[in-house]
There are 4 protein chains.
Amino acid sequence: MAIETSAKPQIPELLERASVPELDAILGRKFPVLDDGFVRVVDYMGTDAAIVQAARVSYGTGTKKTREDRGLIRYLLRHQHTTPFEMCDIKFHVRVPMDTWRQWVRHRTASVNEYSTRYSIAIDDKQQTPADAWRTQSSLNRQGSDGFLDTTVGEHLTTREREFQDLGWSIYQERIDAGVAREQARKDLPLSTYTEAYWKVNLHNLLHFLWLRMDTHAQLEIRDYATTIGEEIVARWCPIAWDAFKDYRFNSLQLTAAEIAIVQATMANGKDAGIAEAESRGFITRKDGVLKLNREAREIDTKLNALGIDLPWS
Amino acid sequence: MAIETSAKPQIPELLERASVPELDAILGRKFPVLDDGFVRVVDYMGTDAAIVQAARVSYGTGTKKTREDRGLIRYLLRHQHTTPFEMCDIKFHVRVPMDTWRQWVRHRTASVNEYSTRYSIAIDDKQQTPADAWRTQSSLNRQGSDGFLDTTVGEHLTTREREFQDLGWSIYQERIDAGVAREQARKDLPLSTYTEAYWKVNLHNLLHFLWLRMDTHAQLEIRDYATTIGEEIVARWCPIAWDAFKDYRFNSLQLTAAEIAIVQATMANGKDAGIAEAESRGFITRKDGVLKLNREAREIDTKLNALGIDLPWS
Amino acid sequence: MAIETSAKPQIPELLERASVPELDAILGRKFPVLDDGFVRVVDYMGTDAAIVQAARVSYGTGTKKTREDRGLIRYLLRHQHTTPFEMCDIKFHVRVPMDTWRQWVRHRTASVNEYSTRYSIAIDDKQQTPADAWRTQSSLNRQGSDGFLDTTVGEHLTTREREFQDLGWSIYQERIDAGVAREQARKDLPLSTYTEAYWKVNLHNLLHFLWLRMDTHAQLEIRDYATTIGEEIVARWCPIAWDAFKDYRFNSLQLTAAEIAIVQATMANGKDAGIAEAESRGFITRKDGVLKLNREAREIDTKLNALGIDLPWS
Amino acid sequence: MAIETSAKPQIPELLERASVPELDAILGRKFPVLDDGFVRVVDYMGTDAAIVQAARVSYGTGTKKTREDRGLIRYLLRHQHTTPFEMCDIKFHVRVPMDTWRQWVRHRTASVNEYSTRYSIAIDDKQQTPADAWRTQSSLNRQGSDGFLDTTVGEHLTTREREFQDLGWSIYQERIDAGVAREQARKDLPLSTYTEAYWKVNLHNLLHFLWLRMDTHAQLEIRDYATTIGEEIVARWCPIAWDAFKDYRFNSLQLTAAEIAIVQATMANGKDAGIAEAESRGFITRKDGVLKLNREAREIDTKLNALGIDLPWS
């Protein structure tokens with residue numbers, strides 16, 4: 001990047017507005033999520049080239065060849081130069097169960113307009129769980145689930161859910177018919193009720209959202225939305241940034257200071273040195289000659305496995 | 001404010017941390033709101049003096065007498081110098097129905113940690129509406145309510161609500177007992193379910209929140225929370241800023257360009273001139289000699305009444 | 001606005017991207033500001049219609065006639081329903097003296113990429129003050145200026161400025177030639193040095209910026225930028241929102257609780273009652289029979305004059 | 001963390017405000033930075049315990065033993081549960097050269113009140129570079145410096161700087177004496193001029209600031225401020241969070257998807273496999289039998305060296 005900058009680069013007199021034909025082709029199309037939700041793109045601003053353009057203002061230079069643009073975008077994302085990614089914006093229209101929406105709006109760096117059940121009658125649509133989709137509580141992760149309940153139990157739960165949702169809607173209707181204000185009639189709607197919203201976010205904040213919500217620790221429902229947004233939409237919109245995100249963030253692996261030290265010790269002096277390093281940090285304790293791993297040591301296991309590095313304690 | 005500034009004001013070597021005895025006296029106390037909600041202060045930073053201190057950094061001067069501090073705070077608030085009000089922070093612990101919480105978190109400039117029904121069993125507590133508290137839909141304001149339903153109807157609605165909430169909780173328990181993951185078991189909880197959260201916000205953003213949510217257009221439930229926060233807490237914490245807020249923002253009145261022109265015309269040339277001005281802007285139309293006011297003209301009515309100015313068209 | 005909402009409005013299968021021909025026609029055009037600065041639009045998202053669209057999601061309804069759209073936008077802006085205005089974004093390329101840029105970036109709710117003098121040689125361009133443009137310190141407003149210095153003095157100051165800026169640039173060059181790192185060579189550049197940046201902001205935050213920076217209390221230089229953005233660009237981009245902004249915010253007038261009380265008293269019981277009200281609030285004091293007005297009373301003067309209301313104390 | 005939660009935990013009636021004696025002991029003390037800058041803590045809210053408290057609201061439980069608190073804070077930071085760190089705030093008074101301040105305020109998630117040279121006479125204090133502190137342009141990093149200029153050259157540059165700064169101040173004084181408004185008189189102040197500000201930020205955003213600005217890629221001047229804030233202040237204020245930050249973020253190492261694949265291939269099938277993997281991704285090219293590394297391959301070098309893993313291509 002040996003760029004010499006003239007103080008006053010030529011500025012073109014007039015510009016054409018940038019667009020992405022691949023995204024234009026699906027503008028407005030509903031991508032279904034869950035049983036009756038969707039995500040659709042309403043509008044957008046900027047492209048991969050806008051990231052480059054913003055970065056090159058910093059560098060005081062004009063546009064380069066596509067190959068160099070790709071390298072630059074990847075460099076920026078790899079090295080936490082995040083501000084140029086703010087120069088792209090996208091606006092979605094989404095239909096989401098309120099339960100999922102509660103998680104969604106925790107991301108504060110976005111613009112939101114939600115369907116108002118104060119102003120209008122609530123949307124008569126509830127997210128329903130099929131008999132084979134009731135997930136069991138994870139025993140390892142207090143915040144997660146794994147596996148599914150037996151469908152015999154599931155059928156019962158699904159029937160009960162349907163009855164409850166129906167009762168909820170009839171109570172809501174009863175209140176409306178009796179003249180109760182909409183703002184109060186809605187107060188017992190179940191969280192499974194669908195809502196709709198416009199949601200506008202810049203690419204930097206969107207990638208952060210996707211990083212957290214496409215993750216396996218995210219709840220399945222919001223993960224479905226995030227994955228749809230990522231793979232169906234961002235991949236079309238800013239394909240270079242999307243690839244960089246996957247390579248440098250989503251599929252990356254972070255080693256902590258302790259993990260670095262344990263790998264170093266193992267590489268330099270063998271497994272016993274690695275174990276000693278882990279013991280000195282309290283990750284491993286011995287009881288009657290048996291090694292006991294704490295939570296952090298188990299996390300190291302997962303990472304070293306991914307790297308194909310033999311665990312010192314295996 | 002004829003202050004002459006030396007380039008290097010004396011900086012005291014060490015500081016005492018500022019505190020507000022009136023607020024310390026109620027730290028942790030639960031102020032009840034609704035049937036089972038509350039607001040309590042957990043911690044805070046800054047006082048009226050911190051606003052002054054930040055403003056005087058801008059001005060390059062030290063602390064003045066209390067009387068001048070009061071004048072400065074009022075001047076800052078009156079003239080939209082809002083940044084010094086960001087220097088005070090307050091942290092609340094709140095218990096709120098999820099329906100109200102949905103409105104609350106729309107204010108994005110705050111820090112939030114909410115009770116997690118993914119991690120823990122949901123709070124078994126629902127906001128219940130007594131028979132005499134069912135509000136009727138406002139006919140004037142699509143987003144509001146006015147008056148109350150007859151208690152005979154109310155009693156029926158209250159009974160039905162109780163049954164529905166009880167059923168909801170038994171279904172939730174059933175799911176938990178069957179081993180459904182908490183993150184999924186919660187999906188049909190009614191919006192009346194209480195949640196809890198820590199909510200931290202700076203004084204500038206808090207006053208904005210209170211301005212919108214203490215307003216008569218805000219829904220009664222969140223208005224109760226806002227009023228409690230304002231009158232029980234902010235009034236103790238930063239009494240000078242609180243008074244200024246009431247005088248210069250909450251109880252102020254904004255006249256639009258059109259309203260200014262109508263008042264001017266009326267004052268200068270009498271009522272007919274005021275009507276002519278309003279007609280020229282399309283606020284008033286005549287049909288068969290009868291004046292017809294549009295929505296904006298009716299808003300003018302309210303404001304001029306408040307000022308005691310005779311309406312041109314009355 | 002008696003809109004009845006069906007729960008599932010028809011959603012068009014595909015959308016055309018919204019655009020504003022009046023803005024497209026000037027995309028990229030440099031609007032000059034100061035002696036060598038400019039503002040140009042690089043891209044945008046949304047139109048007046050996007051504001052309406054976002055609001056109507058809240059209302060659960062589709063698009064209406066233009067006349068109703070205009071009424072809705074004006075209603076939203078008049079009543080502080082600000083979130084739909086966030087749905088429009090605009091991206092500028094600006095050239096600004098660093099002194100002005102320091103004020104500009106105090107507005108934090110925007111995305112910024114600035115020309116990097118760490119990475120590239122600084123822009124060889126300084127904002128220069130002509131002999132007739134040296135402003136005198138305001139005696140009333142410690143933060144302002146009024147009137148101009150005599151050009152004889154001005155010529156001297158202009159010559160001295162030129163010499164200083166030339167020396168600054170030669171010192172900068174000397175450092176670069178000696179091999180000093182750009183990040184350090186720049187450390188004495190005068191604040192008059194031009195910088196360039198991409199600046200992206202949504203319409204809500206832009207209108208707030210314009211409200212503060214087009215104001216007569218804003219410094220002349222940034223006011224020139226703000227006025228150019230408002231009148232040349234926003235007026236083309238979202239003309240309905242722009243008109244509403246001027247009518248309901250920029251040219252509006254806010255009466256404080258005290259001012260309301262004084263006007264009321266005067267209207268109801270005459271000037272003496274107005275004076276008594278002002279005295280009771282400490283705005284007016286009497287000394288030897290002469291009325292003395294404090295700062296706030298003088299502010300009331302200005303407002304009542306604008307309304308054509310006779311001052312109680314005149 | 002097998003915590004069973006009762007629905008209604010006991011809430012203490014009244015609270016003592018939390019404080020940190022180690023921080024109280026230095027409240028107001030100036031930590032010097034550069035030749036005449038400083039950082040001092042003015043106020044703060046929250047402690048390590050506040051992070052735990054906010055997290056446990058999410059978990060619906062009360063306070064635990066210190067040892068568990070430490071584990072929880074470390075877990076939160078390691079797993080990107082960042083919101084509890086927002087519950088701590090700190091307010092600094094800083095004196096900084098404007099050149100450094102320009103970088104500092106790019107971090108938008110903080111509250112700022114800066115000394116106003118519109119309202120007051122500028123601070124007569126410039127950051128001066130000693131003869132042995134002129135850094136040379138890095139040849140590897142366009143944005144960096146390495147090594148120092150010969151002091152003979154340095155002495156010349158230092159003398160010239162002093163002359164220029166003196167001239168700048170005399171021109172500024174001349175303008176003030178001639179009656180030029182302060183807002184305009186300041187327009188040519190060199191960027192080396194010191195400014196002062198109050199800067200308030202929450203712990204989450206502060207750690208992000210420190211992560212970027214304590215980094216070796218940050219410019220030396222702001223790195224000195226960041227390091228002082230981190231090691232002198234945050235280490236006293238929230239020592240557990242500070243340790244976690246160093247272990248899990250500041251001294252961590254991120255491996256990209258490509259790097260994981262290269263390590264995996266090397267571990268499983270030897271160096272040739274690692275090289276083949278790197279070639280297939282275009283990181284390595286061969287010319288006449290010689291391996292040529294691109295930028296990303298050189299970055300891999302650094303990381304694998306840190307881990308003590310033999311480079312496939314060494």
# chains A, B, ... in the order shown; residues from 1 in each chain; ligands from 1
$ interface_residues --of "chain B" --to "chain D" --cutoff "8 Å" --atoms "only C-alpha atoms" --output "mmCIF file with C-alpha atoms, in the first residue's frame"
data_model
loop_
_atom_site.group_PDB
_atom_site.id
_atom_site.type_symbol
_atom_site.label_atom_id
_atom_site.label_comp_id
_atom_site.auth_asym_id
_atom_site.auth_seq_id
_atom_site.Cartn_x
_atom_site.Cartn_y
_atom_site.Cartn_z
ATOM 1 C CA GLU B 4 -11.432 36.247 33.904
ATOM 2 C CA THR B 5 -9.666 32.985 33.583
ATOM 3 C CA ALA B 7 -4.582 29.705 32.174
ATOM 4 C CA LYS B 8 -3.760 27.324 34.990
ATOM 5 C CA PRO B 12 -6.851 20.672 44.596
ATOM 6 C CA GLU B 13 -4.498 17.808 45.325
ATOM 7 C CA LEU B 14 -7.175 15.433 46.585
ATOM 8 C CA LEU B 15 -10.944 15.279 46.413
ATOM 9 C CA GLU B 16 -13.701 13.997 48.632
ATOM 10 C CA ARG B 17 -16.284 12.035 46.755
ATOM 11 C CA ALA B 18 -19.472 14.014 46.294
ATOM 12 C CA ASP B 24 -28.263 8.427 50.633
ATOM 13 C CA ILE B 26 -33.342 6.440 50.739
ATOM 14 C CA LEU B 27 -30.730 4.319 48.984
ATOM 15 C CA GLY B 28 -32.253 0.903 48.501
ATOM 16 C CA ARG B 29 -35.745 1.869 49.641
ATOM 17 C CA LYS B 30 -38.488 0.413 47.468
ATOM 18 C CA VAL B 42 -28.944 1.355 43.990
ATOM 19 C CA ASP B 43 -26.176 3.855 43.324
ATOM 20 C CA TYR B 44 -25.514 7.239 41.757
ATOM 21 C CA MET B 45 -22.702 9.528 40.686
ATOM 22 C CA GLY B 46 -22.763 13.289 40.758
ATOM 23 C CA ALA B 54 -18.575 20.224 34.118
ATOM 24 C CA ALA B 55 -19.952 23.470 32.750
ATOM 25 C CA VAL B 57 -14.541 23.301 32.866
ATOM 26 C CA SER B 58 -15.941 24.591 29.629
ATOM 27 C CA TYR B 59 -15.697 28.037 31.135
ATOM 28 C CA GLY B 60 -12.322 27.372 32.678
ATOM 29 C CA THR B 83 -23.870 17.897 27.994
ATOM 30 C CA PRO B 84 -23.134 18.864 31.631
ATOM 31 C CA GLU B 86 -24.675 13.801 31.296
ATOM 32 C CA MET B 87 -22.114 14.006 34.107
ATOM 33 C CA LYS B 91 -28.728 3.242 38.787
ATOM 34 C CA SER B 111 -27.505 0.452 30.482
ATOM 35 C CA VAL B 112 -29.678 -2.538 31.244
ATOM 36 C CA ASN B 113 -29.402 -5.890 32.951
ATOM 37 C CA GLU B 114 -32.664 -7.748 33.093
ATOM 38 C CA TYR B 115 -33.658 -10.821 35.035
ATOM 39 C CA SER B 116 -33.099 -13.747 32.689
ATOM 40 C CA TYR B 119 -31.248 -18.748 33.125
ATOM 41 C CA SER B 120 -33.754 -18.776 35.971
ATOM 42 C CA ILE B 121 -37.355 -19.703 36.630
ATOM 43 C CA ALA B 122 -39.646 -16.801 35.716
ATOM 44 C CA ILE B 123 -40.893 -14.526 38.472
ATOM 45 C CA ASP B 124 -44.295 -15.799 39.618
ATOM 46 C CA GLU B 196 -36.809 -7.084 37.198
ATOM 47 C CA ALA B 197 -33.850 -5.110 35.962
ATOM 48 C CA TYR B 198 -30.984 -2.838 36.789
ATOM 49 C CA LYS B 200 -28.580 2.922 34.692
#
$ closest_atom_pairs --of "range 131-196 of chain B" --to "range 172-178 of chain A" --cutoff "10 Å" --atoms "only C-alpha atoms" --output "Markdown table"
| residue | atom | partner | partner_atom | distance |
| --- | --- | --- | --- | --- |
| B:Trp134 | CA | A:Arg175 | CA | 9.1 |
| B:Thr136 | CA | A:Ala178 | CA | 8.5 |
| B:Gln137 | CA | A:Ile176 | CA | 8.6 |
| B:Leu149 | CA | A:Ala178 | CA | 8.2 |
| B:Asp150 | CA | A:Ala178 | CA | 9.9 |
| B:Val153 | CA | A:Ala178 | CA | 7.7 |
| B:Gly154 | CA | A:Ala178 | CA | 9.4 |
| B:Leu157 | CA | A:Arg175 | CA | 7.3 |
| B:Arg160 | CA | A:Glu174 | CA | 9.9 |
| B:Glu161 | CA | A:Tyr172 | CA | 9.8 |
$ write_last_selection --atoms "N, CA and C atoms" --output "PDB file, in the first residue's frame"
ATOM      1  N   TRP B 134     -60.393  -0.927  34.710  1.00  0.00           N
ATOM      2  CA  TRP B 134     -60.354  -1.195  33.265  1.00  0.00           C
ATOM      3  C   TRP B 134     -60.717   0.089  32.538  1.00  0.00           C
ATOM      4  N   THR B 136     -61.412   2.694  29.350  1.00  0.00           N
ATOM      5  CA  THR B 136     -62.059   2.630  28.036  1.00  0.00           C
ATOM      6  C   THR B 136     -61.195   3.313  26.978  1.00  0.00           C
ATOM      7  N   GLN B 137     -61.363   2.825  25.749  1.00  0.00           N
ATOM      8  CA  GLN B 137     -60.630   3.395  24.620  1.00  0.00           C
ATOM      9  C   GLN B 137     -61.022   4.862  24.446  1.00  0.00           C
ATOM     10  N   LEU B 149     -64.406   1.455  32.674  1.00  0.00           N
ATOM     11  CA  LEU B 149     -65.566   0.609  32.428  1.00  0.00           C
ATOM     12  C   LEU B 149     -66.374   0.477  33.713  1.00  0.00           C
ATOM     13  N   ASP B 150     -67.623   0.209  33.521  1.00  0.00           N
ATOM     14  CA  ASP B 150     -68.492  -0.115  34.646  1.00  0.00           C
ATOM     15  C   ASP B 150     -67.888  -1.298  35.418  1.00  0.00           C
ATOM     16  N   VAL B 153     -68.894  -4.987  34.512  1.00  0.00           N
ATOM     17  CA  VAL B 153     -68.085  -5.547  33.424  1.00  0.00           C
ATOM     18  C   VAL B 153     -66.671  -5.805  33.933  1.00  0.00           C
ATOM     19  N   GLY B 154     -66.152  -4.851  34.679  1.00  0.00           N
ATOM     20  CA  GLY B 154     -64.792  -4.953  35.205  1.00  0.00           C
ATOM     21  C   GLY B 154     -64.590  -6.213  36.022  1.00  0.00           C
ATOM     22  N   LEU B 157     -64.106  -9.097  33.759  1.00  0.00           N
ATOM     23  CA  LEU B 157     -62.792  -9.076  33.101  1.00  0.00           C
ATOM     24  C   LEU B 157     -61.678  -9.452  34.076  1.00  0.00           C
ATOM     25  N   ARG B 160     -61.768 -13.202  34.666  1.00  0.00           N
ATOM     26  CA  ARG B 160     -61.208 -13.872  33.491  1.00  0.00           C
ATOM     27  C   ARG B 160     -59.688 -13.714  33.436  1.00  0.00           C
ATOM     28  N   GLU B 161     -59.195 -12.535  33.783  1.00  0.00           N
ATOM     29  CA  GLU B 161     -57.740 -12.312  33.755  1.00  0.00           C
ATOM     30  C   GLU B 161     -57.044 -13.241  34.744  1.00  0.00           C
TER      31      GLU B 161
END
$ select_by_dssp --residues "range 166-276 of chain B" --states "strand (DSSP E or B)" --output "list in words"
Val180, Pro190, Thr193, Tyr194, Thr195, Glu196, Ala197, Tyr198, Trp199, Lys200, Val201, Asn202, Leu253, Gln254 and Leu255 of chain B
$ write_last_selection --atoms "N, CA and C atoms" --output "compact mmCIF listing (two decimals), in the first residue's frame"
# COMPACT_ATOMS: atom_id res chain seq x y z
N VAL B 180 -38.81 -29.20 29.84
CA VAL B 180 -38.61 -28.22 28.76
C VAL B 180 -37.59 -27.18 29.20
N PRO B 190 -47.72 -14.42 29.82
CA PRO B 190 -48.44 -13.19 29.45
C PRO B 190 -47.59 -11.95 29.72
N THR B 193 -46.66 -10.44 33.16
CA THR B 193 -45.67 -11.02 34.07
C THR B 193 -44.63 -9.97 34.46
N TYR B 194 -44.32 -9.91 35.74
CA TYR B 194 -43.31 -8.96 36.19
C TYR B 194 -41.91 -9.45 35.83
N THR B 195 -41.08 -8.48 35.51
CA THR B 195 -39.66 -8.75 35.34
C THR B 195 -38.91 -7.77 36.24
N GLU B 196 -37.63 -8.01 36.43
CA GLU B 196 -36.81 -7.08 37.20
C GLU B 196 -35.57 -6.70 36.40
N ALA B 197 -35.03 -5.54 36.69
CA ALA B 197 -33.85 -5.11 35.96
C ALA B 197 -33.08 -4.07 36.75
N TYR B 198 -31.79 -4.00 36.43
CA TYR B 198 -30.98 -2.84 36.79
C TYR B 198 -31.01 -1.92 35.58
N TRP B 199 -31.22 -0.66 35.84
CA TRP B 199 -31.33 0.32 34.74
C TRP B 199 -30.50 1.54 35.14
N LYS B 200 -29.47 1.80 34.38
CA LYS B 200 -28.58 2.92 34.69
C LYS B 200 -28.64 3.95 33.58
N VAL B 201 -28.72 5.21 33.93
CA VAL B 201 -28.96 6.24 32.91
C VAL B 201 -28.35 7.54 33.42
N ASN B 202 -27.91 8.39 32.50
CA ASN B 202 -27.42 9.68 32.98
C ASN B 202 -28.57 10.68 33.09
N LEU B 253 -44.24 25.51 27.09
CA LEU B 253 -45.25 25.47 26.03
C LEU B 253 -44.55 25.96 24.77
N GLN B 254 -44.67 25.19 23.70
CA GLN B 254 -43.97 25.56 22.49
C GLN B 254 -44.96 26.13 21.48
N LEU B 255 -44.66 27.31 20.98
CA LEU B 255 -45.50 27.89 19.93
C LEU B 255 -44.82 27.69 18.58
$ atom_distance --atom1 "CA of Ala297 in chain D" --atom2 "CA of Met267 in chain A"
20.9 Å
